[in-house]
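Asks: Sharing structure_7.cif here; it has mmCIF, C-alpha atoms.
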```
data_protein
#
loop_
_atom_site.label_atom_id
_atom_site.label_comp_id
_atom_site.auth_asym_id
_atom_site.auth_seq_id
_atom_site.Cartn_x
_atom_site.Cartn_y
_atom_site.Cartn_z
CA MET A 1 19.10 14.90 -6.20
CA ASN A 2 20.47 11.56 -5.09
CA ALA A 3 18.04 8.79 -4.28
CA LEU A 4 18.57 6.66 -1.16
CA ASN A 5 18.86 3.00 -2.02
CA LEU A 6 16.49 0.82 -0.07
CA ILE A 7 16.87 -2.94 -0.49
CA ASN A 8 14.39 -5.39 1.08
CA PRO A 9 13.72 -2.93 3.91
CA THR A 10 12.64 -3.97 7.39
CA ILE A 11 10.67 -1.72 9.75
CA LYS A 12 14.02 -0.74 11.30
CA ASP A 13 15.29 0.53 7.92
CA LEU A 14 12.08 2.44 7.36
CA LYS A 15 12.52 4.33 10.64
CA THR A 16 15.44 6.24 9.11
CA LEU A 17 13.32 7.68 6.28
CA LYS A 18 11.98 11.22 6.34
CA VAL A 19 9.10 12.77 4.46
CA ARG A 20 10.11 14.09 0.96
CA ASP A 21 13.07 11.68 0.74
CA LEU A 22 13.59 10.39 -2.77
CA ILE A 23 14.33 6.67 -2.58
CA SER A 24 15.06 3.86 -4.95
CA LEU A 25 13.33 0.65 -3.88
CA THR A 26 14.52 -2.87 -4.59
CA SER A 27 12.13 -5.35 -2.96
CA THR A 28 9.31 -7.80 -3.44
CA VAL A 29 5.96 -6.00 -3.28
CA TYR A 30 2.36 -7.15 -3.53
CA VAL A 31 0.29 -5.28 -6.09
CA LEU A 32 -3.44 -4.99 -5.55
CA ARG A 33 -6.24 -2.45 -5.91
CA ASP A 34 -9.96 -1.89 -5.28
CA MET A 35 -11.64 -5.24 -5.97
CA ALA A 36 -8.86 -7.39 -4.45
CA HIS A 37 -9.14 -5.39 -1.21
CA LYS A 38 -12.88 -5.93 -1.13
CA LYS A 39 -12.53 -9.66 -1.78
CA LEU A 40 -9.60 -10.25 0.58
CA LEU A 41 -11.35 -8.64 3.52
CA GLN A 42 -14.43 -10.80 2.89
CA GLU A 43 -12.42 -14.06 3.06
CA LYS A 44 -13.03 -16.18 6.19
CA VAL A 45 -9.33 -17.10 6.33
CA PHE A 46 -6.95 -14.42 5.04
CA PRO A 47 -5.18 -16.22 2.18
CA LEU A 48 -1.85 -14.32 2.13
CA ASN A 49 0.96 -13.91 4.62
CA LEU A 50 1.98 -10.26 4.26
CA LYS A 51 3.61 -9.65 7.63
CA GLY A 52 6.56 -7.28 7.22
CA LYS A 53 5.78 -6.87 3.49
CA ILE A 54 5.06 -3.91 1.22
CA ILE A 55 1.89 -3.46 -0.82
CA TYR A 56 1.46 -1.34 -3.97
CA TYR A 57 -1.88 0.07 -5.17
CA ALA A 58 -1.68 -0.58 -8.90
CA GLY A 59 -2.86 -2.62 -11.88
CA PRO A 60 -0.29 -3.26 -14.65
CA THR A 61 -0.80 -3.56 -18.40
CA PRO A 62 -0.46 -7.15 -19.73
CA LYS A 63 3.13 -8.27 -20.24
CA LYS A 64 4.49 -9.16 -23.64
CA LYS A 65 6.25 -12.46 -24.23
CA GLY A 66 9.54 -12.60 -22.37
CA GLN A 67 8.85 -9.33 -20.55
CA ALA A 68 9.08 -9.14 -16.71
CA SER A 69 6.10 -6.79 -16.50
CA GLY A 70 3.93 -4.45 -18.48
CA ALA A 71 3.65 -0.76 -17.59
CA LEU A 72 3.22 -0.32 -13.86
CA GLY A 73 2.35 2.78 -11.86
CA PRO A 74 0.25 3.86 -8.88
CA THR A 75 -3.50 4.27 -8.69
CA THR A 76 -5.29 6.75 -6.38
CA SER A 77 -4.70 5.60 -2.78
CA SER A 78 -7.71 7.36 -1.25
CA ARG A 79 -10.03 4.82 -2.90
CA MET A 80 -8.48 2.19 -0.63
CA ASP A 81 -8.88 4.34 2.52
CA LYS A 82 -12.01 2.50 3.62
CA PHE A 83 -10.10 -0.81 3.62
CA CYS A 84 -6.67 0.36 4.78
CA ASN A 85 -6.81 0.22 8.57
CA GLU A 86 -8.47 -3.19 8.68
CA PHE A 87 -6.01 -4.42 6.05
CA ILE A 88 -3.01 -3.34 8.13
CA LYS A 89 -4.53 -4.88 11.25
CA LYS A 90 -5.05 -8.21 9.48
CA THR A 91 -1.70 -8.34 7.66
CA GLY A 92 1.01 -6.39 9.49
CA ILE A 93 2.36 -4.77 6.31
CA ILE A 94 5.11 -2.17 6.89
CA ALA A 95 4.74 0.06 3.83
CA ILE A 96 2.22 1.11 1.19
CA ILE A 97 2.96 2.50 -2.26
CA GLY A 98 0.31 4.59 -4.00
CA LYS A 99 -0.40 8.17 -5.02
CA GLY A 100 -2.19 11.17 -3.56
CA PRO A 101 -3.38 12.26 -0.12
CA ARG A 102 -5.29 9.96 2.23
CA SER A 103 -7.91 10.43 4.94
CA LYS A 104 -6.98 11.62 8.43
CA GLU A 105 -8.12 8.26 9.78
CA VAL A 106 -5.59 6.44 7.60
CA ASN A 107 -2.78 8.94 8.22
CA ASN A 108 -3.26 8.64 11.98
CA TYR A 109 -3.66 4.88 12.00
CA ILE A 110 -0.58 4.09 9.93
CA THR A 111 1.69 6.40 11.96
CA GLY A 112 4.32 4.23 13.64
CA LYS A 113 3.09 1.15 11.73
CA ALA A 114 3.73 1.75 8.04
CA VAL A 115 5.45 4.18 5.69
CA TYR A 116 3.40 5.65 2.85
CA PHE A 117 5.38 5.98 -0.38
CA ALA A 118 4.19 7.93 -3.40
CA ALA A 119 5.11 6.38 -6.72
CA LEU A 120 5.09 8.74 -9.70
CA GLY A 121 1.65 8.79 -11.28
CA GLY A 122 1.47 8.41 -15.03
CA LEU A 123 5.05 7.13 -15.29
CA GLY A 124 4.11 3.54 -16.03
CA ALA A 125 6.83 2.95 -18.60
CA LEU A 126 9.59 3.76 -16.10
CA GLY A 127 7.74 1.74 -13.47
CA GLY A 128 7.44 -1.29 -15.72
CA SER A 129 11.09 -1.18 -16.70
CA SER A 130 11.98 -1.23 -12.96
CA VAL A 131 10.48 -4.71 -12.56
CA LYS A 132 12.60 -7.87 -12.56
CA ASN A 133 9.79 -10.36 -12.20
CA SER A 134 6.01 -10.40 -11.79
CA LYS A 135 3.28 -13.00 -11.48
CA ILE A 136 -0.38 -13.21 -10.53
CA ILE A 137 -0.76 -14.97 -7.16
CA LEU A 138 -4.48 -14.51 -6.40
CA TYR A 139 -7.80 -13.72 -8.14
CA PRO A 140 -6.62 -14.12 -11.77
CA GLU A 141 -10.25 -13.70 -12.83
CA LEU A 142 -9.98 -10.01 -11.93
CA GLY A 143 -7.49 -9.43 -14.78
CA PRO A 144 -5.68 -6.12 -14.14
CA GLU A 145 -7.25 -6.07 -10.66
CA ALA A 146 -5.68 -9.42 -9.60
CA VAL A 147 -3.06 -9.69 -6.83
CA TYR A 148 0.48 -9.70 -8.27
CA GLU A 149 3.79 -10.51 -6.64
CA VAL A 150 6.32 -8.13 -8.15
CA GLN A 151 10.09 -7.93 -7.74
CA LEU A 152 11.02 -4.25 -7.98
CA ASP A 153 14.50 -3.20 -9.03
CA ASN A 154 15.31 0.43 -8.23
CA LEU A 155 11.87 1.98 -8.48
CA PRO A 156 11.96 5.73 -7.71
CA LEU A 157 9.58 6.65 -4.86
CA ILE A 158 8.97 9.64 -2.61
CA VAL A 159 8.33 9.28 1.14
CA ALA A 160 4.81 10.72 1.39
CA GLN A 161 4.38 9.91 5.09
CA ASP A 162 7.20 8.79 7.35
CA LEU A 163 6.80 6.60 10.42
CA LYS A 164 6.54 9.67 12.67
CA GLY A 165 3.47 10.75 10.72
CA ASN A 166 4.98 13.69 8.80
CA ASN A 167 2.96 13.93 5.59
CA ILE A 168 3.99 15.52 2.29
CA TYR A 169 0.44 16.48 1.33
CA GLY A 170 -0.33 18.08 4.68
CA GLU A 171 2.66 20.39 4.69
CA MET B 1 -20.22 8.78 -52.87
CA ARG B 2 -16.84 7.71 -51.60
CA VAL B 3 -16.78 4.20 -50.12
CA ILE B 4 -14.54 3.33 -47.16
CA LYS B 5 -14.18 -0.31 -46.18
CA ASN B 6 -14.96 -1.21 -42.59
CA SER B 7 -11.84 -3.40 -42.25
CA PHE B 8 -9.67 -0.40 -43.15
CA ILE B 9 -11.35 1.60 -40.39
CA THR B 10 -10.71 -1.20 -37.87
CA ASP B 11 -7.01 -1.39 -38.75
CA THR B 12 -6.68 2.40 -38.62
CA VAL B 13 -8.27 2.63 -35.15
CA ALA B 14 -5.97 -0.17 -33.89
CA GLU B 15 -2.98 1.85 -35.12
CA LEU B 16 -4.30 4.96 -33.34
CA CYS B 17 -4.40 2.96 -30.06
CA LYS B 18 -0.70 2.16 -30.41
CA LYS B 19 0.24 5.70 -31.35
CA ALA B 20 -1.68 7.26 -28.45
CA ALA B 21 -0.63 4.76 -25.76
CA TYR B 22 3.11 4.87 -26.48
CA ASN B 23 3.74 8.43 -27.69
CA LEU B 24 3.26 11.60 -25.69
CA PRO B 25 2.14 14.44 -28.03
CA GLN B 26 4.96 16.80 -29.05
CA ASP B 27 3.28 19.90 -27.60
CA ILE B 28 3.16 18.23 -24.17
CA ILE B 29 6.84 17.25 -24.41
CA LYS B 30 7.67 20.85 -25.32
CA SER B 31 5.75 22.16 -22.29
CA LEU B 32 7.45 19.64 -19.98
CA LYS B 33 10.88 20.67 -21.27
CA SER B 34 10.22 24.32 -20.51
CA ALA B 35 8.78 23.35 -17.08
CA LYS B 36 12.00 21.47 -16.34
CA ASN B 37 13.95 24.70 -16.72
CA SER B 38 11.72 26.71 -14.43
CA GLU B 39 11.49 24.15 -11.60
CA THR B 40 14.03 23.29 -8.87
CA ASN B 41 14.68 20.40 -6.44
CA LEU B 42 12.08 17.62 -6.25
CA ALA B 43 9.76 19.24 -8.80
CA LYS B 44 12.60 19.43 -11.34
CA GLU B 45 13.53 15.82 -10.62
CA ILE B 46 9.96 14.70 -11.26
CA ILE B 47 9.70 16.59 -14.56
CA LYS B 48 12.99 14.97 -15.63
CA LEU B 49 11.61 11.52 -14.79
CA THR B 50 8.38 12.36 -16.64
CA LEU B 51 10.38 13.18 -19.80
CA GLU B 52 12.43 10.01 -19.34
CA ASN B 53 9.17 8.06 -19.06
CA ALA B 54 8.00 9.49 -22.41
CA LYS B 55 11.30 8.54 -24.01
CA THR B 56 11.11 4.97 -22.64
CA ALA B 57 7.51 4.59 -23.82
CA SER B 58 8.28 5.86 -27.33
CA LYS B 59 10.47 2.78 -27.88
CA GLY B 60 7.24 0.80 -28.02
CA VAL B 61 7.90 -1.68 -25.20
CA TYR B 62 6.03 -0.14 -22.26
CA PRO B 63 2.98 2.11 -22.65
CA LEU B 64 3.29 5.63 -21.15
CA CYS B 65 0.98 4.74 -18.29
CA GLN B 66 -0.45 1.48 -16.95
CA ASP B 67 -3.91 3.02 -17.11
CA THR B 68 -4.40 2.95 -20.85
CA GLY B 69 -7.81 4.39 -20.24
CA THR B 70 -11.31 4.45 -21.57
CA ALA B 71 -11.17 4.72 -25.35
CA VAL B 72 -13.09 7.83 -26.42
CA LEU B 73 -13.59 8.35 -30.14
CA PHE B 74 -14.65 11.54 -31.87
CA VAL B 75 -15.77 10.66 -35.36
CA GLU B 76 -16.63 13.18 -38.09
CA ILE B 77 -18.33 11.60 -41.10
CA GLY B 78 -18.54 13.51 -44.34
CA GLN B 79 -21.96 13.33 -46.00
CA GLN B 80 -20.34 12.00 -49.18
CA VAL B 81 -18.80 9.04 -47.36
CA GLN B 82 -20.37 5.62 -47.44
CA ILE B 83 -19.12 2.93 -45.08
CA ALA B 84 -19.13 -0.66 -46.36
CA GLY B 85 -20.47 -2.56 -43.34
CA SER B 86 -21.20 -1.30 -39.84
CA LEU B 87 -19.23 1.80 -38.79
CA GLU B 88 -19.93 1.23 -35.11
CA LYS B 89 -18.66 -2.36 -35.28
CA ALA B 90 -15.61 -1.34 -37.29
CA LEU B 91 -14.66 1.24 -34.65
CA GLN B 92 -15.28 -1.07 -31.67
CA ASP B 93 -13.32 -3.87 -33.39
CA GLY B 94 -10.47 -1.41 -33.91
CA ILE B 95 -10.31 -0.74 -30.17
CA LYS B 96 -10.44 -4.49 -29.41
CA LYS B 97 -7.63 -5.15 -31.88
CA GLY B 98 -5.53 -2.18 -30.80
CA PHE B 99 -5.76 -3.05 -27.11
CA LYS B 100 -5.02 -6.74 -27.68
CA GLU B 101 -2.14 -6.38 -30.13
CA ASN B 102 -0.43 -3.59 -28.23
CA TYR B 103 -0.78 -5.13 -24.75
CA LEU B 104 -2.87 -2.29 -23.34
CA ARG B 105 -4.78 -2.70 -20.11
CA LYS B 106 -8.42 -3.69 -20.33
CA SER B 107 -10.07 -1.37 -17.84
CA ILE B 108 -13.76 -1.51 -18.74
CA VAL B 109 -16.38 -3.35 -16.67
CA SER B 110 -19.74 -4.43 -18.08
CA GLU B 111 -21.97 -2.47 -15.69
CA PRO B 112 -21.23 -0.03 -12.88
CA LEU B 113 -22.84 -1.34 -9.70
CA PHE B 114 -23.64 -5.03 -9.31
CA LYS B 115 -21.28 -7.36 -11.20
CA ARG B 116 -18.57 -5.05 -12.51
CA GLU B 117 -17.25 -7.82 -14.77
CA ASN B 118 -14.27 -6.89 -16.92
CA THR B 119 -15.29 -7.05 -20.61
CA LYS B 120 -11.69 -8.13 -21.34
CA THR B 121 -11.55 -6.12 -24.57
CA ASN B 122 -11.66 -2.53 -23.25
CA THR B 123 -14.86 -2.10 -25.22
CA PRO B 124 -17.34 -0.62 -25.50
CA ALA B 125 -15.45 2.51 -26.45
CA ILE B 126 -17.37 5.77 -26.01
CA ILE B 127 -18.05 7.16 -29.49
CA HIS B 128 -19.25 10.65 -30.43
CA TYR B 129 -20.43 10.99 -34.03
CA LYS B 130 -20.81 14.20 -35.99
CA ILE B 131 -22.04 14.47 -39.54
CA VAL B 132 -20.19 17.10 -41.58
CA THR B 133 -19.97 18.12 -45.24
CA GLY B 134 -17.35 16.61 -47.54
CA ASP B 135 -16.03 13.15 -48.34
CA LYS B 136 -13.61 12.57 -45.48
CA LEU B 137 -13.79 10.49 -42.33
CA LYS B 138 -11.97 12.02 -39.37
CA ILE B 139 -11.26 9.87 -36.31
CA ASN B 140 -9.80 11.25 -33.13
CA LEU B 141 -8.98 8.77 -30.37
CA MET B 142 -8.41 9.75 -26.77
CA LEU B 143 -7.21 7.30 -24.12
CA LYS B 144 -8.54 8.80 -20.92
CA GLY B 145 -7.24 7.55 -17.57
CA GLY B 146 -9.63 6.96 -14.67
CA GLY B 147 -7.78 8.85 -11.94
CA ALA B 148 -8.03 12.28 -13.54
CA GLU B 149 -11.50 11.63 -14.98
CA ASN B 150 -12.75 10.95 -11.43
CA LYS B 151 -11.77 14.49 -10.45
CA SER B 152 -13.73 16.26 -13.19
CA GLN B 153 -16.77 18.38 -12.30
CA ILE B 154 -19.65 20.41 -13.72
CA LYS B 155 -21.45 23.41 -12.23
CA MET B 156 -24.54 25.14 -13.56
CA PHE B 157 -23.91 28.86 -12.90
CA ASN B 158 -26.43 31.70 -13.00
CA PRO B 159 -26.19 33.58 -16.30
CA THR B 160 -25.07 36.71 -14.45
CA ALA B 161 -22.07 34.96 -12.85
CA SER B 162 -18.82 36.90 -13.12
CA LYS B 163 -15.62 35.72 -14.75
CA GLU B 164 -14.06 35.64 -11.27
CA GLU B 165 -16.73 33.22 -9.96
CA ILE B 166 -16.08 30.89 -12.90
CA ILE B 167 -12.32 31.02 -12.33
CA ASP B 168 -12.78 30.32 -8.60
CA PHE B 169 -14.79 27.20 -9.42
CA ILE B 170 -12.16 25.97 -11.89
CA LEU B 171 -9.34 26.61 -9.39
CA ASN B 172 -11.30 24.70 -6.77
CA VAL B 173 -11.72 21.71 -9.10
CA VAL B 174 -7.98 21.72 -9.76
CA LYS B 175 -7.15 21.95 -6.03
CA THR B 176 -9.56 19.11 -5.24
CA ALA B 177 -7.98 17.00 -7.98
CA GLY B 178 -4.54 17.66 -6.47
CA ALA B 179 -1.95 14.92 -6.32
CA SER B 180 -4.37 12.05 -7.02
CA ALA B 181 -4.96 13.10 -10.62
CA CYS B 182 -1.26 13.10 -11.63
CA PRO B 183 -0.33 16.76 -12.10
CA PRO B 184 0.89 18.64 -14.11
CA PHE B 185 -2.54 18.65 -15.76
CA VAL B 186 -4.03 19.58 -19.05
CA VAL B 187 -7.31 21.27 -18.12
CA GLY B 188 -10.25 21.12 -20.52
CA ILE B 189 -13.07 23.57 -19.89
CA GLY B 190 -16.52 23.59 -21.48
CA LEU B 191 -18.49 26.82 -21.15
CA GLY B 192 -22.08 27.14 -22.32
CA GLY B 193 -24.25 24.55 -24.02
CA ASN B 194 -26.29 22.61 -21.47
CA PHE B 195 -25.96 19.84 -18.89
CA GLU B 196 -24.84 17.19 -21.40
CA THR B 197 -22.87 19.31 -23.86
CA ALA B 198 -20.68 21.33 -21.45
CA PRO B 199 -18.69 18.22 -20.33
CA LEU B 200 -18.41 17.14 -23.96
CA LEU B 201 -16.96 20.55 -24.86
CA ALA B 202 -14.52 20.19 -21.95
CA LYS B 203 -13.41 16.82 -23.27
CA GLN B 204 -13.06 18.10 -26.84
CA ALA B 205 -10.95 20.97 -25.51
CA LEU B 206 -8.38 18.37 -24.42
CA LEU B 207 -7.82 17.46 -28.08
CA ARG B 208 -6.58 20.94 -28.97
CA ASN B 209 -2.93 21.90 -29.08
CA LYS B 210 -3.26 25.59 -29.95
CA PRO B 211 -4.68 28.54 -27.96
CA ASN B 212 -8.24 29.67 -28.55
CA LYS B 213 -8.98 31.54 -31.79
CA ASN B 214 -11.31 33.89 -29.92
CA LEU B 215 -9.19 36.57 -28.22
CA ASN B 216 -11.38 36.80 -25.08
CA TYR B 217 -11.21 33.07 -24.50
CA LYS B 218 -7.51 32.97 -25.33
CA LYS B 219 -6.87 35.58 -22.62
CA LEU B 220 -9.08 33.64 -20.23
CA GLU B 221 -7.11 30.43 -20.91
CA GLN B 222 -3.87 32.28 -20.10
CA GLU B 223 -5.33 33.88 -16.95
CA ILE B 224 -6.59 30.53 -15.63
CA LEU B 225 -3.27 28.79 -16.41
CA THR B 226 -1.33 31.49 -14.53
CA LYS B 227 -3.64 31.20 -11.51
CA ILE B 228 -3.52 27.38 -11.49
CA ASN B 229 0.27 27.54 -11.50
CA LYS B 230 0.23 29.76 -8.42
CA THR B 231 -1.53 27.06 -6.33
CA ASN B 232 1.83 25.36 -5.60
CA ILE B 233 0.31 21.90 -6.12
CA GLY B 234 3.19 21.19 -8.50
CA PRO B 235 4.33 18.03 -10.29
CA GLN B 236 2.81 14.97 -8.53
CA GLY B 237 1.38 17.34 -5.88
CA PHE B 238 4.68 17.84 -4.06
CA GLY B 239 4.84 21.59 -4.67
CA GLY B 240 6.21 23.65 -7.55
CA LYS B 241 5.34 26.10 -10.30
CA THR B 242 3.97 23.55 -12.75
CA THR B 243 0.48 22.41 -11.76
CA ALA B 244 -0.96 22.64 -15.27
CA LEU B 245 0.78 22.56 -18.65
CA LYS B 246 -2.18 23.84 -20.64
CA VAL B 247 -5.71 25.19 -20.29
CA PHE B 248 -8.11 24.91 -23.22
CA ILE B 249 -11.64 26.30 -23.36
CA GLU B 250 -14.38 25.32 -25.79
CA TYR B 251 -17.57 27.36 -25.67
CA ALA B 252 -21.07 27.17 -27.11
CA PRO B 253 -24.32 29.19 -27.14
CA CYS B 254 -26.59 28.58 -24.16
CA HIS B 255 -30.03 29.36 -22.66
CA ILE B 256 -30.76 32.82 -21.20
CA ALA B 257 -31.11 31.20 -17.76
CA SER B 258 -27.86 29.23 -17.85
CA LEU B 259 -24.08 29.32 -17.79
CA PRO B 260 -22.84 25.72 -17.52
CA CYS B 261 -19.16 25.21 -16.75
CA ALA B 262 -17.56 21.77 -16.98
CA VAL B 263 -13.97 21.03 -16.07
CA ASN B 264 -12.37 17.87 -17.43
CA ILE B 265 -9.06 17.13 -15.74
CA CYS B 266 -6.43 15.29 -17.75
CA CYS B 267 -3.11 14.11 -16.33
CA HIS B 268 0.17 15.11 -18.04
CA SER B 269 -0.21 11.98 -20.15
CA SER B 270 -2.72 13.61 -22.52
CA ARG B 271 -2.96 10.75 -24.96
CA HIS B 272 -4.73 11.29 -28.24
CA ALA B 273 -4.17 10.57 -31.91
CA GLU B 274 -5.99 11.70 -35.04
CA VAL B 275 -6.38 10.45 -38.57
CA ILE B 276 -8.26 11.75 -41.60
CA LEU B 277 -9.32 9.10 -44.12
#
```
What is this file in structure tokens?
Replies:
Amino acid sequence: MNALNLINPTIKDLKTLKVRDLISLTSTVYVLRDMAHKKLLQEKVFPLNLKGKIIYYAGPTPKKKGQASGALGPTTSSRMDKFCNEFIKKTGIIAIIGKGPRSKEVNNYITGKAVYFAALGGLGALGGSSVKNSKIILYPELGPEAVYEVQLDNLPLIVAQDLKGNNIYGE
Amino acid sequence: MRVIKNSFITDTVAELCKKAAYNLPQDIIKSLKSAKNSETNLAKEIIKLTLENAKTASKGVYPLCQDTGTAVLFVEIGQQVQIAGSLEKALQDGIKKGFKENYLRKSIVSEPLFKRENTKTNTPAIIHYKIVTGDKLKINLMLKGGGAENKSQIKMFNPTASKEEIIDFILNVVKTAGASACPPFVVGIGLGGNFETAPLLAKQALLRNKPNKNLNYKKLEQEILTKINKTNIGPQGFGGKTTALKVFIEYAPCHIASLPCAVNICCHSSRHAEVIL
């Protein structure tokens, strides 16, 4: 199977993707998980500009000296379901990377607004070696649950829900 | 009495952390290789990437998975062994050292509901002690990821429940776990005991790499594995023949009124390492 190369995609590029497509993503993404969602949505002024950006539900291992990133792979997306719609409304993100099925409310809400990519769960070594650069940009006190800005270089992903709302888990 | 120094135990546990976090057990690799041959399309591609991930991790730069887990230790202490210093401290220090030196993720928070502050050391580890005869100290470390652990379940059956009812429950747990728990799974099942021991048996089952010695339970393991692999959940939940790599059952005597059944789901990254001192 050949992966489609996707480099710094815009919403227009994402429209061409279909559910089950295997893609290789090169882009800046914003990594965050449970606690960062909770904190961000409690902020009076939203501290990040994520319009047109991609977020990734994950928490990496610490990086070694000189390394771009530690191991990096997806965490269970459904835990972020209760934050997702409000998060999209506040930010205008165009894609989410995670793993596993999501609630109907999320699937319906994101249709037409954002693509849902599944990263490969448990493949953190491959994920980490597909990172060119990473740094903590918010909530460093949360350790692995901080917000990271990560430059991905050819990370393999599967289109789990395309912009038309076709979903791999609901097939 | 045979004396074992606590510092030696600490260093040994730290080594086990490295071994478990960076090296997929050989029996799992073997199962993945045979799954690669039986799968097609996307499922085959995913198994190939899973094997590539194991190869990358074995070089010691990136751990197998970013969730390096809760550290669970099974410790068997021979009655003729004397530990110089505190055994508990030696084991916990070993986890601290192993997680720090090998750049593993610290995923433990101090309490579950109010503060949830990261302890920054991945301790406390969960330790199960057993006193046995002899003069050896056996330590088995499991690094258990949160995603699959969240999908584990227990059910207290009536003692007259049929084998089919038990299998239905297990299949339902596996289906509910689905894509979120990183299939293909290793499924640990604890049958019998009581409300606290059945899940412990299920967890211990995950440490095995051979089929059950008891023929009835061996057949049951095979039957459950075959049925799980007919669910078409497949690698990463995208469909396929490989939903579980292995099913292991541990069983124990139980009360006349009970038949507890616990199912502990483990992702393909079944990380554990053992040492006998």
Asks: Hey, list the chain B side of the contact with chain A: 8 Å cut-off, only C-alpha atoms, answer as a VMD selection string.
Replies: chain B and resid 41 to 42 45 to 46 49 to 50 52 to 54 56 to 57 62 to 68 103 to 107 118 120 147 178 to 182 236 to 238 267 to 269
Asks: With all atoms listed in the file as the counted atoms, please give the residues lying no more than 10 Å from Ile131 (chain B), apart from itself and same-chain residues fewer than 5 positions off, as a PyMOL selection string.
Replies: chain B and resi 75-79+137
Asks: Could you spell out the hits of the PyMOL selection byres ((chain A and resi 165) around 9) on the shown file, as a PyMOL selection string?
Replies: chain A and resi 19+107-108+110-112+115+161-164+166-167
Asks: Which residues would end up in the selection if the PyMOL selection byres ((chain B and resi 199-214) around 9) were applied here, given that I need the answer as a compact mmCIF listing (two decimals) with C-alpha atoms, in the frame of the given file?
Replies:
```txt
# COMPACT_ATOMS: atom_id res chain seq x y z
CA ASP B 27 3.28 19.90 -27.60
CA ILE B 28 3.16 18.23 -24.17
CA PHE B 74 -14.65 11.54 -31.87
CA ASN B 140 -9.80 11.25 -33.13
CA MET B 142 -8.41 9.75 -26.77
CA SER B 152 -13.73 16.26 -13.19
CA GLN B 153 -16.77 18.38 -12.30
CA ILE B 154 -19.65 20.41 -13.72
CA VAL B 186 -4.03 19.58 -19.05
CA VAL B 187 -7.31 21.27 -18.12
CA GLY B 188 -10.25 21.12 -20.52
CA ILE B 189 -13.07 23.57 -19.89
CA GLY B 190 -16.52 23.59 -21.48
CA LEU B 191 -18.49 26.82 -21.15
CA GLY B 192 -22.08 27.14 -22.32
CA GLY B 193 -24.25 24.55 -24.02
CA ASN B 194 -26.29 22.61 -21.47
CA PHE B 195 -25.96 19.84 -18.89
CA GLU B 196 -24.84 17.19 -21.40
CA THR B 197 -22.87 19.31 -23.86
CA ALA B 198 -20.68 21.33 -21.45
CA LEU B 215 -9.19 36.57 -28.22
CA ASN B 216 -11.38 36.80 -25.08
CA TYR B 217 -11.21 33.07 -24.50
CA LYS B 218 -7.51 32.97 -25.33
CA LYS B 219 -6.87 35.58 -22.62
CA GLU B 221 -7.11 30.43 -20.91
CA GLN B 222 -3.87 32.28 -20.10
CA LYS B 246 -2.18 23.84 -20.64
CA VAL B 247 -5.71 25.19 -20.29
CA PHE B 248 -8.11 24.91 -23.22
CA ILE B 249 -11.64 26.30 -23.36
CA GLU B 250 -14.38 25.32 -25.79
CA TYR B 251 -17.57 27.36 -25.67
CA ALA B 252 -21.07 27.17 -27.11
CA CYS B 261 -19.16 25.21 -16.75
CA ALA B 262 -17.56 21.77 -16.98
CA VAL B 263 -13.97 21.03 -16.07
CA ASN B 264 -12.37 17.87 -17.43
CA ILE B 265 -9.06 17.13 -15.74
CA CYS B 266 -6.43 15.29 -17.75
CA SER B 270 -2.72 13.61 -22.52
CA ARG B 271 -2.96 10.75 -24.96
CA HIS B 272 -4.73 11.29 -28.24
CA ALA B 273 -4.17 10.57 -31.91
```
Asks: Residues picked by the PyMOL selection byres ((chain B and resi 80) around 9) here, as a list of chain:residue names?
Replies: B:Met1, B:Arg2, B:Val3, B:Ile77, B:Gly78, B:Gln79, B:Val81, B:Gln82, B:Thr133, B:Gly134, B:Asp135, B:Lys136
Asks: Give me, please, the distance in Å between CA of Ile95 (chain B) and CA of Phe185 (chain B), quoted to one decimal.
Replies: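 Straight-line distance from CA of Ile95 (chain B) to CA of Phe185 (chain B) works out to 25.4 Å.
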Asks: From the options A:Leu4, A:Ile96, A:Leu32, A:Leu17, which residue's atoms come nearest to Ile54 (chain A), counting only C-alpha atoms?
Replies: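 Between A:Leu4, A:Ile96, A:Leu32, A:Leu17, the residue approaching Ile54 (chain A) most closely is A:Ile96.
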Asks: Between CA of Thr121 (chain B) and CA of Ile276 (chain B), what distance in Å does the model show, to one decimal?
Replies: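 For CA of Thr121 (chain B) relative to CA of Ile276 (chain B), the distance reads 24.9 Å.
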Asks: What does the distance from CA of Asn172 (chain B) to CA of Ile126 (chain B) come to in Å, to one decimal?
Replies: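 Distance between the two atoms: 27.7 Å.
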Asks: Between B:Leu225, B:Gly239, B:Leu91, B:Ser7, which is the closest to Gly170 (chain A) once you count only C-alpha atoms?
Replies: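 Selected residue with least distance to Gly170 (chain A): B:Gly239.
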Asks: Using all atoms of region 80-91 of chain A that appear in the file, construct an axis-aligned enclosing box with 8 Å of padding on every side and provide its centre coordinates and edge lengths in Å, rounded to one decimal, as JSON.
Replies:
```
{"center_x": -6.9, "center_y": -2.0, "center_z": 5.3, "size_x": 26.3, "size_y": 28.7, "size_z": 27.9}
```
Asks: Between A:Gly52, A:Leu6, A:Ser134, A:Val45, which residue has the minimum interatomic distance to Leu25 (chain A), considering all atoms listed in the file?
Replies: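 Closest residue, counting all atoms listed in the file: A:Leu6.
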Asks: Write out as a tab-separated table (two decimals) with C-alpha atoms, keeping the file's coordinate frame the residues lying within 7 Å of Asn158 (chain B), counting all atoms listed in the file and excluding same-chain residues fewer than 4 positions away.
Replies:
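Saved to result16.tsv:
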```
chain	number	residue	atom	x	y	z
B	257	ALA	CA	-31.11	31.20	-17.76
B	258	SER	CA	-27.86	29.23	-17.85
B	259	LEU	CA	-24.08	29.32	-17.79
```
